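**Q** See data-v2.cif below, with mmCIF, C-alpha atoms.
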```
data_my_file
loop_
_atom_site.label_atom_id
_atom_site.label_comp_id
_atom_site.auth_asym_id
_atom_site.auth_seq_id
_atom_site.Cartn_x
_atom_site.Cartn_y
_atom_site.Cartn_z
CA MET A 529 0.00 0.00 0.00
CA THR A 530 1.37 3.36 -0.96
CA LEU A 531 1.12 6.60 0.96
CA ALA A 532 -1.21 7.98 -1.73
CA MET A 533 -3.87 5.41 -0.78
CA LEU A 534 -3.93 6.42 2.89
CA PRO A 535 -6.63 9.15 2.55
CA TYR A 536 -8.89 6.71 0.70
CA LEU A 537 -8.37 4.10 3.39
CA LEU A 538 -9.15 6.56 6.18
CA ALA A 539 -12.27 7.79 4.37
CA PHE A 540 -13.40 4.19 3.90
CA LEU A 541 -12.74 3.53 7.60
CA LEU A 542 -14.89 6.54 8.48
CA LEU A 543 -17.61 5.16 6.20
CA VAL A 544 -17.49 1.78 7.97
CA VAL A 545 -17.72 3.45 11.40
CA GLY A 546 -20.79 5.41 10.31
CA LEU A 547 -22.40 2.34 8.79
CA TYR A 548 -21.74 0.37 11.98
CA ALA A 549 -23.39 3.05 14.09
CA VAL A 550 -26.47 3.13 11.85
CA VAL A 551 -26.87 -0.65 11.72
CA ALA A 552 -25.76 -1.88 15.14
CA LYS A 553 -26.75 0.79 17.65
CA ARG A 554 -30.09 0.88 19.47
CA ASN A 555 -30.04 4.49 20.64
CA VAL A 556 -31.68 6.92 18.21
CA ILE A 557 -29.14 9.67 18.97
CA LYS A 558 -26.24 7.32 18.20
CA ILE A 559 -27.94 6.35 14.95
CA ILE A 560 -28.26 10.04 14.02
CA VAL A 561 -24.56 10.62 14.77
CA GLY A 562 -23.69 7.55 12.69
CA LEU A 563 -25.79 8.90 9.83
CA ALA A 564 -23.90 12.20 10.00
CA ILE A 565 -20.53 10.39 10.02
CA LEU A 566 -21.65 8.34 7.04
CA ASP A 567 -22.64 11.52 5.20
CA TYR A 568 -19.28 13.15 5.92
CA ALA A 569 -17.41 10.03 4.79
CA VAL A 570 -19.24 9.96 1.45
CA ASN A 571 -18.50 13.67 0.95
CA LEU A 572 -14.83 13.07 1.73
CA LEU A 573 -14.67 10.18 -0.73
CA LEU A 574 -16.21 12.34 -3.45
CA VAL A 575 -13.66 15.11 -2.85
CA LEU A 576 -10.82 12.57 -2.88
CA VAL A 577 -12.01 11.10 -6.16
CA GLY A 578 -12.11 14.56 -7.75
CA TYR A 579 -8.61 15.50 -6.61
CA ARG A 580 -5.95 15.37 -9.29
CA PRO A 581 -2.36 16.37 -8.46
CA SER A 582 -0.85 18.71 -11.03
CA PRO A 583 2.64 18.25 -12.48
CA SER A 584 3.79 21.40 -10.65
CA GLY A 585 2.91 19.87 -7.28
CA SER A 586 0.00 22.00 -6.08
CA PRO A 587 -3.56 21.53 -7.36
CA MET A 588 -4.88 24.04 -9.89
CA ALA A 589 -8.34 25.53 -9.92
CA PRO A 590 -10.26 24.71 -13.14
CA ILE A 591 -10.33 28.31 -14.40
CA LEU A 592 -9.14 29.08 -17.94
CA THR A 593 -7.19 32.34 -17.70
CA GLY A 594 -4.41 32.12 -20.29
CA GLY A 595 -6.57 31.52 -23.34
CA VAL A 596 -7.06 28.40 -25.41
CA ALA A 597 -3.30 27.89 -25.82
CA HIS A 598 -2.99 26.82 -22.17
CA GLU A 599 -6.01 24.49 -22.27
CA PRO A 600 -4.09 21.15 -22.48
CA ALA A 601 -2.06 22.05 -19.39
CA LEU A 602 -5.24 23.02 -17.57
CA VAL A 603 -6.98 19.76 -18.48
CA ALA A 604 -3.95 17.74 -17.35
CA GLY A 605 -3.51 19.44 -14.00
CA ALA A 606 -6.80 20.97 -12.88
CA VAL A 607 -8.95 19.55 -10.12
CA ASP A 608 -12.25 18.10 -11.34
CA PRO A 609 -15.05 20.55 -10.37
CA LEU A 610 -17.96 18.10 -10.72
CA PRO A 611 -17.35 16.18 -7.45
CA GLN A 612 -16.96 19.50 -5.63
CA ALA A 613 -20.36 20.63 -6.90
CA LEU A 614 -21.86 17.28 -5.90
CA VAL A 615 -20.38 17.60 -2.41
CA LEU A 616 -21.85 21.07 -1.96
CA THR A 617 -25.26 19.72 -2.92
CA SER A 618 -24.77 16.71 -0.67
CA ILE A 619 -23.89 18.91 2.30
CA VAL A 620 -27.18 20.80 1.96
CA ILE A 621 -29.17 17.59 1.56
CA GLY A 622 -27.35 15.95 4.49
CA LEU A 623 -28.06 18.90 6.74
CA SER A 624 -31.77 18.85 5.89
CA VAL A 625 -31.98 15.07 6.42
CA THR A 626 -30.22 15.42 9.77
CA ALA A 627 -32.65 18.16 10.82
CA LEU A 628 -35.59 15.96 9.81
CA VAL A 629 -34.26 12.94 11.71
CA VAL A 630 -33.58 15.05 14.81
CA GLY A 631 -37.16 16.31 14.63
CA LEU A 632 -38.41 12.73 14.39
CA ALA A 633 -36.23 11.74 17.35
CA ILE A 634 -37.71 14.54 19.44
CA ARG A 635 -41.24 13.40 18.57
CA LEU A 636 -40.34 9.78 19.39
CA TYR A 637 -38.97 10.86 22.76
CA GLU A 638 -42.12 12.85 23.48
CA LYS A 639 -44.29 9.83 22.67
CA TYR A 640 -42.26 6.99 24.22
CA GLY A 641 -40.04 8.76 26.77
CA THR A 642 -36.89 6.98 25.58
CA PHE A 643 -34.37 6.97 22.76
CA ASP A 644 -33.89 3.18 22.90
CA THR A 645 -35.43 1.51 19.85
CA GLU A 646 -35.86 -1.85 21.62
CA ARG A 647 -37.93 -0.25 24.39
CA MET A 648 -39.97 1.61 21.77
CA ARG A 649 -40.84 -1.70 20.10
CA ASN A 650 -41.97 -3.20 23.40
CA LEU A 651 -44.21 -0.25 24.28
CA ARG A 652 -47.67 -0.12 22.80
CA GLY A 653 -49.47 3.11 22.21
#
```
What would you get if you wrote out this structure as structure tokens?
**A**
Amino acid sequence: MTLAMLPYLLAFLLLVVGLYAVVAKRNVIKIIVGLAILDYAVNLLLVLVGYRPSPSGSPMAPILTGGVAHEPALVAGAVDPLPQALVLTSIVIGLSVTALVVGLAIRLYEKYGTFDTERMRNLRG
């Protein structure tokens, strides 16, 4: 494994931690935190996929400033803007989903008096 694969591995590890929290935990608050971690991990993976190191060493913004003559150098070294746009959209969607789930958790607590999903299943009402 090379050093260049380390960010991908850490993002995948973050994704697994979030998925574990969503699937294995019984507390609604822990599930919400796991959902947020999962959202952040997917955003991080999208940004990592869009990153492209330039030959000069530092990443270049995808802005054409020198005319058409510099276009091949820009295409070879510029960071892909599509994943960045997708991540911005995903952040807004993730925030709204988190707000919705927190609202549902508050209503569940008001109705059942607990955040434990097993106790909610056992209660009738």
**Q** Neighbours of A:Lys639 within 10 Å (only C-alpha atoms; same-chain residues fewer than 4 positions away dropped), as a list in words?
**A**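 In the requested form, the answer reads Ala633, Ile634, Arg635, Met648 and Gly653 of chain A.
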**Q** What's the separation between atom CA of A:Gln612 and atom CA of A:Val575, in Å to one decimal place?
**A**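 Here the two named atoms are 6.2 Å from each other.
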**Q** When the PyMOL selection byres ((chain A and resi 541) around 12) is applied to the file above, which residues end up in the set, as a list in words?
**A**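 Taken over the shown coordinates, the PyMOL selection byres ((chain A and resi 541) around 12) returns Leu534, Pro535, Tyr536, Leu537, Leu538, Ala539, Phe540, Leu542, Leu543, Val544, Val545, Gly546, Leu547, Tyr548, Ile565, Leu566, Tyr568, Ala569, Val570, Leu572 and Leu573 of chain A.
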**Q** So which residues touch A:Gly578 within 10 Å, counting only C-alpha atoms, skipping near sequence neighbours fewer than 6 positions away, as an NGL selection string?
**A** :A and (572 or 606-612)
**Q** So what do you get for atom CA of A:Glu599 versus atom CA of A:Met533, distance-wise?
**A**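 Interatomic distance, atom CA of A:Glu599 to atom CA of A:Met533: 28.8 Å.
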**Q** Show me a table, sorted first by chain and then by increasing residue number, of the residues of stretch 552-575 of chain A having an atom at most 12 Å from stretch 625-632 of chain A, each with its shortest atom pair and the distance in Å to one decimal, counting all atoms listed in the file and written as CSV.
**A**
```
residue,atom,partner,partner_atom,distance
A:Val556,CA,A:Val630,CA,9.0
A:Ile557,CA,A:Val630,CA,8.1
A:Lys558,CA,A:Val630,CA,11.2
A:Ile559,CA,A:Val629,CA,9.7
A:Ile560,CA,A:Val629,CA,7.1
A:Val561,CA,A:Thr626,CA,8.9
A:Gly562,CA,A:Thr626,CA,10.6
A:Leu563,CA,A:Thr626,CA,7.9
A:Ala564,CA,A:Thr626,CA,7.1
A:Ile565,CA,A:Thr626,CA,10.9
A:Leu566,CA,A:Thr626,CA,11.4
A:Asp567,CA,A:Thr626,CA,9.7
A:Tyr568,CA,A:Thr626,CA,11.8
```
**Q** As an exercise, work out the distance from atom CA of A:Ala532 to atom CA of A:Tyr579 in Å and give it to one decimal place.
**A**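 Between atom CA of A:Ala532 and atom CA of A:Tyr579 the gap is 11.6 Å.
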**Q** Return the single residue from A:Gly641, A:Arg554, A:Asn571, A:Pro590 that is closest to A:Gly622, with distances computed using only C-alpha atoms.
**A**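 Looking at the shortest contact to A:Gly622, the residue is A:Asn571.
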**Q** With the input short on atoms, add N, CA and C atoms back to stretch 610-623 of chain A and write it as a PDB file, in the frame of the given file.
**A**
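As a result, selection03.pdb now contains:
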```
ATOM      1  N   LEU A 610     -16.681  18.773 -10.872  1.00  0.00           N
ATOM      2  CA  LEU A 610     -17.960  18.100 -10.720  1.00  0.00           C
ATOM      3  C   LEU A 610     -18.139  17.462  -9.330  1.00  0.00           C
ATOM      4  N   PRO A 611     -17.162  16.711  -8.807  1.00  0.00           N
ATOM      5  CA  PRO A 611     -17.350  16.180  -7.450  1.00  0.00           C
ATOM      6  C   PRO A 611     -17.483  17.269  -6.390  1.00  0.00           C
ATOM      7  N   GLN A 612     -16.829  18.399  -6.589  1.00  0.00           N
ATOM      8  CA  GLN A 612     -16.960  19.500  -5.630  1.00  0.00           C
ATOM      9  C   GLN A 612     -18.386  20.044  -5.637  1.00  0.00           C
ATOM     10  N   ALA A 613     -18.969  20.169  -6.809  1.00  0.00           N
ATOM     11  CA  ALA A 613     -20.360  20.630  -6.900  1.00  0.00           C
ATOM     12  C   ALA A 613     -21.307  19.602  -6.283  1.00  0.00           C
ATOM     13  N   LEU A 614     -21.037  18.322  -6.507  1.00  0.00           N
ATOM     14  CA  LEU A 614     -21.860  17.280  -5.900  1.00  0.00           C
ATOM     15  C   LEU A 614     -21.763  17.291  -4.379  1.00  0.00           C
ATOM     16  N   VAL A 615     -20.567  17.557  -3.859  1.00  0.00           N
ATOM     17  CA  VAL A 615     -20.380  17.600  -2.410  1.00  0.00           C
ATOM     18  C   VAL A 615     -21.127  18.784  -1.813  1.00  0.00           C
ATOM     19  N   LEU A 616     -21.095  19.924  -2.472  1.00  0.00           N
ATOM     20  CA  LEU A 616     -21.850  21.070  -1.960  1.00  0.00           C
ATOM     21  C   LEU A 616     -23.345  20.763  -1.893  1.00  0.00           C
ATOM     22  N   THR A 617     -23.852  20.120  -2.926  1.00  0.00           N
ATOM     23  CA  THR A 617     -25.260  19.720  -2.920  1.00  0.00           C
ATOM     24  C   THR A 617     -25.526  18.685  -1.832  1.00  0.00           C
ATOM     25  N   SER A 618     -24.611  17.757  -1.675  1.00  0.00           N
ATOM     26  CA  SER A 618     -24.770  16.710  -0.670  1.00  0.00           C
ATOM     27  C   SER A 618     -24.732  17.264   0.748  1.00  0.00           C
ATOM     28  N   ILE A 619     -23.941  18.296   0.976  1.00  0.00           N
ATOM     29  CA  ILE A 619     -23.890  18.910   2.300  1.00  0.00           C
ATOM     30  C   ILE A 619     -25.249  19.505   2.658  1.00  0.00           C
ATOM     31  N   VAL A 620     -25.863  20.196   1.712  1.00  0.00           N
ATOM     32  CA  VAL A 620     -27.180  20.800   1.960  1.00  0.00           C
ATOM     33  C   VAL A 620     -28.226  19.720   2.203  1.00  0.00           C
ATOM     34  N   ILE A 621     -28.213  18.680   1.389  1.00  0.00           N
ATOM     35  CA  ILE A 621     -29.170  17.590   1.560  1.00  0.00           C
ATOM     36  C   ILE A 621     -28.941  16.867   2.884  1.00  0.00           C
ATOM     37  N   GLY A 622     -27.671  16.617   3.228  1.00  0.00           N
ATOM     38  CA  GLY A 622     -27.350  15.950   4.490  1.00  0.00           C
ATOM     39  C   GLY A 622     -27.789  16.740   5.697  1.00  0.00           C
ATOM     40  N   LEU A 623     -27.631  18.057   5.636  1.00  0.00           N
ATOM     41  CA  LEU A 623     -28.060  18.900   6.740  1.00  0.00           C
ATOM     42  C   LEU A 623     -29.583  18.862   6.911  1.00  0.00           C
TER      43      LEU A 623
END
```
